[in-house]
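What follows is a short report on a single structure.
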There are 2 protein chains.
Amino acid sequence: MQTAPDALFRSLADPTRRALFERLSRDGEQTVRMLTDNSGVSQPAVSKHLGVLKHAGLVRSRHKGRETHYSAQPRALSPLVDWMSYYSRFWHDRFDRLEDLLKRMEP
Amino acid sequence: MQTAPDALFRSLADPTRRALFERLSRDGEQTVRMLTDNSGVSQPAVSKHLGVLKHAGLVRSRHKGRETHYSAQPRALSPLVDWMSYYSRFWHDRFDRLEDLLKRMEP
DNA sequence: ACAATCCATAACCGTATGGTTATCGTTTAC
DNA sequence: GTAAACGATAACCATACGGTTATGGATTGT
């Protein structure tokens, strides 16, 4: 349970890296060159970030000739959704119990 | 848009810190002492982590005498839900349900 | 009054991490 | 065939970060 969200939270914690994922999600498949432009960092930095994202399953890569096309893999976010649902539910349940308690205290 | 999820992702990226939040979510309000036991790290480390979580809005603190009681604030997660729903249409249905859940927690 | 507990802060340290430039193998273009 | 473009990797650097011990202010217990 603990390990699944870890790589995801870590990967998305960096603003540059998150921006890459956001851009791929919004605009679809992109080459490294395209991603480097307007990224504010160098091409090697972009490649490294994409490597991290790929390792977390958040992006996929496809080679065509000398260029590499990257695309977002949003289903990889599901452990995060599960995590949030799980830990929000406790609050939700407690809220319900509190409501029940208050109801029972009324005359 | 970028700033809101940033502190949250960052805060939750560290395993020790996430474990603290998870524990507060599961078991309810706890003092620093209680949180330090079974945390695997020293009391100052716990205090520092709680400071980060508090800064991100994920926990609240309440002073009583010489001890400080911390409690989880799961609705602080909502920017993350927004972020995910925006950047991945794929999980929209699930997100809608989670958003409803979080909305019900609002005062 | 004194000792002990609680917690925050300061000072410090090693490592992880995000960035750079340099380079090299491939592949395209001329 | 030669040059240029693409992208990954290596080597390196500065800093951010998570951990520690030491300490001090506040509160509680004896």
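Letters for chains follow the order of the structure tokens (A, B, ...), residue numbers begin at 1 for each chain, and ligand numbers begin at 1 in the order shown.
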Just need the residues of chain A within 6 Å of chain B, counting only C-alpha atoms, so spit them out as number ranges by chain.
-> A: 9-10, 13, 25, 74, 88
Using only C-alpha atoms (C1' of nucleotides), find which residues of chain D lie within 12 Å of chain B and jot them down as an MDAnalysis selection string.
-> chainID D and resid 17:23 25:28
Give me a file of those residues, with C-alpha atoms (C1' of nucleotides), as a CSV table (one decimal), in the first residue's frame.
chain,number,residue,atom,x,y,z
D,17,DC,C1',16.3,18.2,2.3
D,18,DG,C1',15.8,14.8,5.9
D,19,DG,C1',18.1,13.3,9.6
D,20,DT,C1',20.8,14.0,14.0
D,21,DT,C1',22.2,16.2,18.8
D,22,DA,C1',21.9,20.1,21.8
D,23,DT,C1',19.2,23.4,24.0
D,25,DG,C1',11.0,28.0,27.2
D,26,DA,C1',6.8,26.5,29.0
D,27,DT,C1',4.1,23.5,31.8
D,28,DT,C1',3.2,19.9,34.9
Report as a PyMOL selection string the set of chain C residues whose atoms approach chain B to within 10 Å, with distances computed over only C-alpha atoms (C1' of nucleotides).
-> chain C and resi 5-9
Could you write those residues out with N, CA and C atoms (P, O5', C5', C4', C3', O3' and C1' of nucleotides), as a CSV table (one decimal), in the first residue's frame?
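Written output follows (part_16.csv):
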chain,number,residue,atom,x,y,z
C,5,DT,P,10.5,12.4,32.9
C,5,DT,O5',9.5,13.0,31.9
C,5,DT,C5',8.2,13.3,32.4
C,5,DT,C4',7.5,14.3,31.5
C,5,DT,C3',7.6,14.1,30.0
C,5,DT,O3',6.3,14.0,29.5
C,5,DT,C1',8.1,16.3,30.5
C,6,DC,P,6.1,13.4,28.0
C,6,DC,O5',5.9,14.8,27.2
C,6,DC,C5',4.8,15.7,27.5
C,6,DC,C4',5.0,16.9,26.7
C,6,DC,C3',5.3,16.7,25.2
C,6,DC,O3',4.3,17.3,24.5
C,6,DC,C1',6.7,18.3,26.2
C,7,DC,P,4.1,16.9,23.0
C,7,DC,O5',4.9,18.1,22.3
C,7,DC,C5',4.4,19.4,22.4
C,7,DC,C4',5.5,20.4,22.0
C,7,DC,C3',6.0,20.2,20.5
C,7,DC,O3',5.9,21.5,19.9
C,7,DC,C1',7.8,20.5,22.0
C,8,DA,P,5.6,21.5,18.3
C,8,DA,O5',6.5,22.8,18.0
C,8,DA,C5',6.5,23.9,18.9
C,8,DA,C4',7.8,24.7,18.9
C,8,DA,C3',8.4,24.9,17.6
C,8,DA,O3',8.7,26.2,17.4
C,8,DA,C1',10.0,23.9,19.1
C,9,DT,P,9.1,26.8,16.0
C,9,DT,O5',10.7,27.1,16.2
C,9,DT,C5',11.2,27.7,17.4
C,9,DT,C4',12.7,27.5,17.5
C,9,DT,C3',13.4,27.6,16.1
C,9,DT,O3',14.3,28.7,16.3
C,9,DT,C1',14.2,25.7,17.4
Selection: 12 Å around DA10 of chain D, only C-alpha atoms (C1' of nucleotides), excl. self and same-chain fewer than 2 positions, as JSON, numbers by chain = {"A": [44], "C": [21, 22, 23, 24], "D": [8, 12]}
Output the selection as a compact mmCIF listing (two decimals), in the first residue's frame - C-alpha atoms (C1' of nucleotides) for each residue.
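After the write, selection-v1.txt holds the following:
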# COMPACT_ATOMS: atom_id res chain seq x y z
CA PRO A 44 19.44 16.67 -20.91
C1' DT C 21 28.14 21.34 -20.06
C1' DA C 22 30.42 17.82 -22.83
C1' DT C 23 30.07 13.99 -25.64
C1' DC C 24 28.65 10.07 -28.37
C1' DA D 8 20.56 9.66 -24.07
C1' DC D 12 30.25 17.45 -12.37
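Take atom CA of Arg17 of chain B and atom C1' of DC13 of chain D: the distance between them is 28.7 Å.
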From a DSSP pass on the backbone, collect the residues of chain B flagged as alpha helix (DSSP H) and hand them back as a count of residues only.
-> 66
DSSP strand (DSSP E or B) selection over chain B, as a ChimeraX atom specification | /B:30-31,59-64,67-72
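When the distance limit is 8 Å and only C-alpha atoms (C1' of nucleotides) are what count, the residues near Leu50 of chain B, minus those fewer than 3 positions from it on the same chain, are Arg17, Leu20, Val46, Ser47, Leu53, Lys54 and Val59 of chain B.
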